[in-house]
Each structure stands twice: as C-alpha cells, then as structure tokens.
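J.: Submitted below is the structure of interest, expressed as structure tokens.
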Amino acid sequence: MSRSFLCVSALLVTAAFSPSLPRAEEKPRPAAPAALKMSPVDRGRLATALKKDGPKVADKSIVVRGPQRYAVLFVEFASERACADFAAPAGATVFNRFRQFAELYVTSLAAAEAVTEAAGVRWAQLHSVVTAPPTPELTKVPGKTKALNSVVRGGLNGLTGKGVVVAVLDTGIDFRHPDFVLDTPSGKASRILYFWDTLRDHKEGAPGKPGPLKYPNGAAIGTVYTREELTADLRADKSRIPELDTGGHGTCCAGIAAGNGRGDPGKSYVGVAPGADLIGVRLGAVHNIENAYLLNAACAWIDKKVGTRPVVVNCSFGGHLGSHDGYSVQERHISARFALDRKGRAICISAGNQRQLPSLHGLATFAGPLNKGALTWSAGQGGLLGVYVDTASPDDVVVETAGLGTSKLHRYVSPLSGSLVLEAEVALGARGEMKLHSKSGARLQAHGFIANGIFTGPCVTRTHLLGTPGTAHNAITVGSFDFNDGFDEAGIKARYGPDGRELNLGSLSFYSSPGPLRKGGPVKPDVVSPGQFHVAAAAKGSPGARDRTGHYRKFNGTSASSPYTAGVIALMLEKKPALTTGEIKALFQKHAVKDDFTGGTPNREWGNGKLEYFAVKRILDALR
C-alpha cells in the first residue's frame, strides 16, 4: 500500500455517499483487552500477504525477495531492558535495535503473533510504504520573472557547512553531477563520504561492498560505496558504478542543501551549505520509497560511520496512513533517536504537498444522541479507514456505520496514544458513512484518515494534513513558501505559476500541507522555508527541462524546502557543533520571520514562521 509525497498514492473516487445505504448501530462493548498488541487490520493484512500459496503480493508494505515474502514490524517495548532481552522467535529476524525499539522481518503471521506475545512488548505496527512525489505542477505564464532576495546560497557569515555531514535519504544522488565533485591536484574527487544503495545487490568483483544489514536469508541489503571508490570511478576511463539516482528526486534535494554550484560557471545555483560533506542512502527508485522502513536503521549506520561529527539528515518523503499524532512506533523511534537534548544531530522531514487535497482528512464533532457527527467517504482499491477519538471514556462513544459491506469495524484503545481507534479495510468502490455520538453528551472530535480513498461532504477540512513520518514530535517538519517564479530554460527566461496563475511571492505555497498534529504536541510544521521554486542539480536521465548548462532543473514542493532547511542547520552546526535539536527548534521559534503573509505565529500553516535570509542571519548571529 502506497502513501504520498509525499501523499498516499490514492485512487481518488469522486462518487458521493448514498443516504439509502443500510445502517447498523454498533452494540456497546468494552474496549479491547490489554493483551491486544497489534492492530487487527495489520494482522489481517499480514495473514493475506504472507500466505505461501497466496496470490501475487499487492500490498507494497511487504518486502519480496525471490520466493520469500517478508513483513516489516516496528516494535516498541515497555523498557530498554525488555528490548535488549528480546530473543526473536522462529520466523522473525531483528535488523535494528535502539533503546526500547526494535525493527524486524517476519515471514509468517505466526511469527508476528509470537513477537507480540513476547515479554515486554507494548505494540507492533506493520510498515507502510511512503512516497517521494513528483514536483507540484507549474505552467508557463506571461510577464516578467521575479524572485525574492530571501534565499541563502553558498553559505552565510563565512559559514559553509564545513565539518558537518548532510545525509540525504531519498532516491539517491547522482555522484557524477558536478555539484558533488571537487577539483583537486590529483584530479576529480567525490564529495560523498559514503553511499548506501539499498536497492541494488552487490556483485562479486564489482566496486563497493555488501550492505551493512542482511535479510533473514543472509543476503546483504544493497551495496555501500566509499568516497575512495566513487572518486576512483570519476577518474576512470570507463565507469563501473551504475547510476545511483534514476529518479532524480534525491539529487535535487542534495543540491539544494549542499551543492557546490560547480555545474554552472557563475555558480548561480550553489546550495545552502556547499562546504558540507555528503552521505547518500538510496531508499527508493523513483516515487515509491519502498525501503523507507530502513530510515532509523540508516540513521544508526550513519552514526557509526561519522562518529562524533555533527550530522543533519534530510527525508523528503512521507505518507498519510495512521493517526497523524506522532505516536506511531516508527515516529516515536525517530523522536527517541533525535532526542531534544541530543547534541550534533537533527532530522528534517517534508510537511507534505497535500494542502490542495483536503479530502485526505475528515473531521466530525459530536456530542449526545441529538448531536451526532458524521464522516463520509469513497474508497478506491485496497482502502484503509482509520478514525481516532481522544476520550477518557472510550465506552462512551457509540458508532453507527454504513457502506462497510462485509468488512469488520475494529475498535480498540491505542496503548501508545491512549486514543480510541476505529479502523476497517474498505472495499473497492465503497461509499460509506460513520456516525458517532457520546452517551454522556460529552463533546468530542473524530479525526478520519483514509488510504486509497477520499472523504466527502461537510467533514472535509483543510487541516491535519501533515505527512508521516513528519509528524514525529522531534523531527523538524518543513512547509514551503513561494520565492521565485523564473527559470532560464535552455537559456530562455520563462515565468511559471500554478494553472496559468502567477505566484504571489512570499505567500504559502498552494500545496504546503498544514498542521497541526491530531493530538496536541509541538507546533507543526516547525517552520516554513523557501520551496517554490528552486533550480537544483539534475540527475542524468531524470525528467524535467534543463537550464542552459544542462545540469540544473526547476524543483519545488516541500521536498525542496526541507533540504534547504537541512542546509541552514548545517551552517548552524558548523558554528556550534554541539547544538541540540531542542536548541535548533527554539532558535527557529524565536527568529523565524513573521509578516503579513504569516499572520500571528505559531499557527497551523506557517508553524513558527518563515526561515528566509534575514531569519537565518539572526539565528547565526545569535549562536555563541
């Protein structure tokens, strides 16, 4: 099942809900027992996808390697000791452990259930695929091009990111692109310290080494190349290393954060932190980031490789399955790894490009029997419906459903968030409705999110659209504002805007996903940065028109504003390597620009404000 961006990859069905569908009131029943350790829907997906004689796997959250199918489970234990003491049962293999979190492959439903029955397990969740989306579409519009002087390029205040590592977890990096190459007395040299291609198996005798992790069958996950191997290939008469970014998304991100501008004689498109070193991790090929489940494992590998050097990680991908509150196991793992008091580490994640798709979220406010709230939806292929209600009395909530067909509505209380969860698999083409009320008359809200479908009618709201894992509390979640509308396409200046309209420079980008988090927590997005649009390093063979040099293309979206923010953090870490995630967030909160576009901040669209040039200057001046 695919999710997008960075959005759920959804079949949008536009048929309206029919009020004539039969409706059945759910009989009151107690909350699920404390023994429940995995979502019933996840259990059902596992049972279907891991059958040895089952049909071809359609659920893209299942890893297929040769004849073997693996499900990836994110598991949280009650304590670090319980996690350390956990011994994987038959059919399960741990590939990453950190504090109270473990990540595993399982080969059967029985193995997954044995994991959940192990001592100390709080909750297990099935991995779901996220995406790195195509850039939001722009068309040529008449008029003279304009740009705001609001973007940091080539460093600032003498800082270039030197000594800092920018890690780009994405579709890869074209290591041959001039922006990632240095000229030295000995010849060309790569700026990339390490590159882990998780998609391509290592071949005996070829450059690189087997990846640092293994599948349960013993095969290494991908191939790792060192700077020395990349440099040798740059200098060789015949290249032996294949293309490391066939989609181009990751190359654009790396260029915005840390490109050195070498591909253009005037260095017009130099990145924010051109003096930083780079690490690339290829988690997906084009749009589906199928190996995004390795995010935390990749961060652990990066930590081992760089030691005490400061690192900022960029992830320009995400999706829309789940509770959107930062309480998924993977997101809690991210927040633990990037604790607010951890020195020299930060992670930037795109907010998402779904502001123009509010139908991904439904909101129903309800009270007593005479004040019911309703969620209505249309589903596509393989739809998954999740509804979340925060209440101290889950048995007080009465639910009526229509349009679920033979699907069962599962009801339980999440042990991580404490929220009442109502979820179901929704059949192809299903049009449904859920009505809720409280027996006590308590006024409550139900937030719905749907994979492979849309909400319809009055429940649709333009809020709570941040993608996951950007909803992780300690991630620095980044929205996008418009700062440029011009591009020299093959040397001819052209002006661009959405649907033939000119961009209102300085305003929030039309796609930038708004917050807040569903269940309180920190301000999200954290900040909004220049995202529409950059001219960024273009990978060989990737789509999109080029500039006059052939090395750059226009690139927009929160996929662009996130690496811009990562580059700014690299400048901050150069000046103060021991800076913590908490301090970075506090500096953004204090110094981000507030203007007529942002209005009073913090707010759900702009977070703490704009991270434009003068905000960055104030931040760097404030660091001691």
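Residues are named by chain letter and number: chains run A, B, ... in the order of the structure tokens, numbers start at 1 in each chain, and ligands are numbered from 1 in the order shown.
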As a JSON list (two decimals) with C-alpha atoms, in the first residue's frame, please: all residues of range 150-279 of chain A that backbone DSSP puts in strand (DSSP E).
T.:
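The result, written out as result-v1.json:
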```
[["chain", "number", "residue", "atom", "x", "y", "z"],
["A", 165, "VAL", "CA", 27.66, 15.95, 7.25],
["A", 166, "VAL", "CA", 24.41, 16.32, 5.33],
["A", 167, "ALA", "CA", 22.78, 12.90, 4.88],
["A", 168, "VAL", "CA", 20.16, 12.61, 2.13],
["A", 169, "LEU", "CA", 17.81, 9.62, 2.47],
["A", 170, "ASP", "CA", 15.89, 9.55, -0.80],
["A", 181, "VAL", "CA", 32.61, 16.75, -7.28],
["A", 182, "LEU", "CA", 35.76, 18.61, -6.21],
["A", 183, "ASP", "CA", 38.75, 19.55, -8.37],
["A", 184, "THR", "CA", 41.97, 18.55, -6.60],
["A", 187, "GLY", "CA", 42.06, 15.08, -10.27],
["A", 188, "LYS", "CA", 38.35, 14.88, -9.59],
["A", 189, "ALA", "CA", 37.25, 13.80, -6.11],
["A", 190, "SER", "CA", 33.83, 12.89, -4.78],
["A", 192, "ILE", "CA", 30.16, 11.96, -0.93],
["A", 193, "LEU", "CA", 31.68, 10.17, 2.08],
["A", 194, "TYR", "CA", 29.52, 7.06, 1.75],
["A", 195, "PHE", "CA", 26.65, 5.95, -0.44],
["A", 196, "TRP", "CA", 24.39, 3.05, 0.57],
["A", 197, "ASP", "CA", 22.24, 1.79, -2.31],
["A", 209, "LYS", "CA", 30.89, -3.77, -0.50],
["A", 210, "PRO", "CA", 27.79, -5.65, 0.67],
["A", 223, "THR", "CA", 25.72, -2.10, -1.72],
["A", 224, "VAL", "CA", 27.86, 0.51, 0.04],
["A", 225, "TYR", "CA", 30.37, 2.71, -1.83],
["A", 226, "THR", "CA", 33.06, 4.77, -0.13],
["A", 277, "ASP", "CA", 30.27, 16.55, 3.26],
["A", 278, "LEU", "CA", 27.50, 14.29, 1.99],
["A", 279, "ILE", "CA", 26.17, 10.81, 2.69]]
```
J.: Give the helix (DSSP H, G or I) residues of range 448-575 of chain A, as assigned by DSSP on the backbone, as a short mmCIF file (atom, residue, chain, number, x, y, z; two decimals) with C-alpha atoms, in the first residue's frame.
T.:
```cif
data_model
loop_
_atom_site.label_atom_id
_atom_site.label_comp_id
_atom_site.auth_asym_id
_atom_site.auth_seq_id
_atom_site.Cartn_x
_atom_site.Cartn_y
_atom_site.Cartn_z
CA GLY A 457 -19.15 16.24 2.21
CA PRO A 458 -19.01 18.59 5.22
CA CYS A 459 -16.47 16.50 7.14
CA PRO A 498 0.05 27.09 -10.99
CA ASP A 499 -2.74 26.57 -13.55
CA GLY A 500 -1.71 29.66 -15.51
CA THR A 558 8.14 20.67 0.50
CA SER A 559 10.63 18.17 -0.94
CA ALA A 560 12.67 21.29 -1.79
CA SER A 561 12.07 23.36 1.36
CA SER A 562 13.14 20.52 3.66
CA PRO A 563 16.71 20.14 2.28
CA TYR A 564 17.00 23.95 2.24
CA THR A 565 16.34 23.82 5.99
CA ALA A 566 18.84 20.97 6.37
CA GLY A 567 21.45 23.19 4.70
CA VAL A 568 20.68 26.01 7.14
CA ILE A 569 21.09 23.62 10.06
CA ALA A 570 24.46 22.54 8.60
CA LEU A 571 25.60 26.19 8.85
CA MET A 572 24.35 26.31 12.44
CA LEU A 573 26.18 23.10 13.33
CA GLU A 574 29.40 24.38 11.80
CA LYS A 575 29.32 27.35 14.16
#
```
J.: Quick one: distance from CA of Lys372 in chain A to CA of Glu433 in chain A in Å, one decimal?
T.: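 That distance, rounded to one decimal, is 12.2 Å.
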J.: List the spatial neighbours of range 106-112 of chain A as a PDB file with N, CA, C and O atoms, in the first residue's frame - criterion: any atom at most 6 Å away, only C-alpha atoms, same-chain residues fewer than 6 positions off excluded.
T.:
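The file below, result-v4.pdb, is the result:
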```pdb
ATOM      1  N   LEU A  46      -1.309  -8.949   7.200  1.00  0.00           N
ATOM      2  CA  LEU A  46      -0.235  -9.937   7.298  1.00  0.00           C
ATOM      3  C   LEU A  46      -0.713 -11.322   6.896  1.00  0.00           C
ATOM      4  O   LEU A  46      -0.047 -12.048   6.158  1.00  0.00           O
ATOM      5  N   ALA A  47      -1.887 -11.703   7.388  1.00  0.00           N
ATOM      6  CA  ALA A  47      -2.417 -13.033   7.101  1.00  0.00           C
ATOM      7  C   ALA A  47      -2.605 -13.243   5.608  1.00  0.00           C
ATOM      8  O   ALA A  47      -2.340 -14.325   5.075  1.00  0.00           O
ATOM      9  N   LEU A  50       1.233 -12.857   3.578  1.00  0.00           N
ATOM     10  CA  LEU A  50       2.325 -13.801   3.858  1.00  0.00           C
ATOM     11  C   LEU A  50       1.938 -15.254   3.615  1.00  0.00           C
ATOM     12  O   LEU A  50       2.714 -16.158   3.924  1.00  0.00           O
ATOM     13  N   TYR A  70       8.579 -10.982   3.129  1.00  0.00           N
ATOM     14  CA  TYR A  70       8.862 -10.509   4.481  1.00  0.00           C
ATOM     15  C   TYR A  70       7.931  -9.338   4.816  1.00  0.00           C
ATOM     16  O   TYR A  70       7.751  -8.439   4.005  1.00  0.00           O
ATOM     17  N   ALA A  71       7.397  -9.373   6.002  1.00  0.00           N
ATOM     18  CA  ALA A  71       6.718  -8.194   6.531  1.00  0.00           C
ATOM     19  C   ALA A  71       7.674  -7.514   7.491  1.00  0.00           C
ATOM     20  O   ALA A  71       8.464  -8.171   8.175  1.00  0.00           O
ATOM     21  N   GLY A  91      11.143 -17.530  12.533  1.00  0.00           N
ATOM     22  CA  GLY A  91      10.430 -16.785  11.510  1.00  0.00           C
ATOM     23  C   GLY A  91      10.532 -15.286  11.652  1.00  0.00           C
ATOM     24  O   GLY A  91       9.960 -14.550  10.849  1.00  0.00           O
ATOM     25  N   ALA A  92      11.255 -14.806  12.666  1.00  0.00           N
ATOM     26  CA  ALA A  92      11.444 -13.367  12.875  1.00  0.00           C
ATOM     27  C   ALA A  92      12.929 -13.065  13.000  1.00  0.00           C
ATOM     28  O   ALA A  92      13.679 -13.847  13.593  1.00  0.00           O
TER      29      ALA A  92
END
```
J.: To one decimal place, how far is CA of Ala586 in chain A from CA of Lys524 in chain A in Å?
T.: 13.4 Å
J.: Find the residue from A:Pro207, A:Gly263, A:Gly247, A:Gly557 that sits nearest to Gly544 in chain A; use only C-alpha atoms when measuring.
T.: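 Closest to Gly544 in chain A, using only C-alpha atoms: A:Gly247.
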J.: Please list as a PyMOL selection string every residue within 10 Å of Arg45 in chain A, counting only C-alpha atoms and excluding residues in the same chain fewer than 3 positions away.
T.: chain A and resi 39-42+48-50+59+61-62+71+109+126+425
J.: Which residues, written as a list in words, have at least one atom at most 7 Å from Ile450 in chain A, with only C-alpha atoms counted and residues fewer than 3 positions away on the same chain left out?
T.: Leu321, Leu360, Gly383, Leu384, Leu385, Gly386, Gly453 and Ile454 of chain A
J.: Write to file, as a JSON list (two decimals), in the first residue's frame, the residues of the selection just made, with N, CA, C and O atoms.
T.:
```json
[["chain", "number", "residue", "atom", "x", "y", "z"],
["A", 321, "LEU", "N", -1.08, 7.31, 6.04],
["A", 321, "LEU", "CA", -1.72, 6.24, 6.79],
["A", 321, "LEU", "C", -1.36, 6.40, 8.26],
["A", 321, "LEU", "O", -0.22, 6.68, 8.60],
["A", 360, "LEU", "N", -8.21, 14.13, 2.12],
["A", 360, "LEU", "CA", -7.49, 13.04, 2.78],
["A", 360, "LEU", "C", -7.80, 12.99, 4.28],
["A", 360, "LEU", "O", -7.47, 12.01, 4.95],
["A", 383, "GLY", "N", -8.67, 0.22, 0.14],
["A", 383, "GLY", "CA", -8.79, 1.33, 1.07],
["A", 383, "GLY", "C", -8.68, 0.90, 2.52],
["A", 383, "GLY", "O", -9.14, -0.17, 2.91],
["A", 384, "LEU", "N", -8.04, 1.73, 3.33],
["A", 384, "LEU", "CA", -7.93, 1.51, 4.77],
["A", 384, "LEU", "C", -8.43, 2.76, 5.48],
["A", 384, "LEU", "O", -7.94, 3.86, 5.24],
["A", 385, "LEU", "N", -9.40, 2.58, 6.34],
["A", 385, "LEU", "CA", -10.01, 3.68, 7.08],
["A", 385, "LEU", "C", -9.55, 3.64, 8.53],
["A", 385, "LEU", "O", -9.62, 2.59, 9.18],
["A", 386, "GLY", "N", -9.08, 4.78, 9.04],
["A", 386, "GLY", "CA", -8.73, 4.89, 10.44],
["A", 386, "GLY", "C", -9.38, 6.13, 11.04],
["A", 386, "GLY", "O", -9.27, 7.22, 10.48],
["A", 453, "GLY", "N", -8.45, 6.44, -0.93],
["A", 453, "GLY", "CA", -9.81, 6.92, -0.93],
["A", 453, "GLY", "C", -9.86, 8.39, -0.56],
["A", 453, "GLY", "O", -8.83, 9.04, -0.38],
["A", 454, "ILE", "N", -11.07, 8.94, -0.46],
["A", 454, "ILE", "CA", -11.24, 10.34, -0.08],
["A", 454, "ILE", "C", -12.44, 10.46, 0.85],
["A", 454, "ILE", "O", -13.36, 9.65, 0.82]]
```
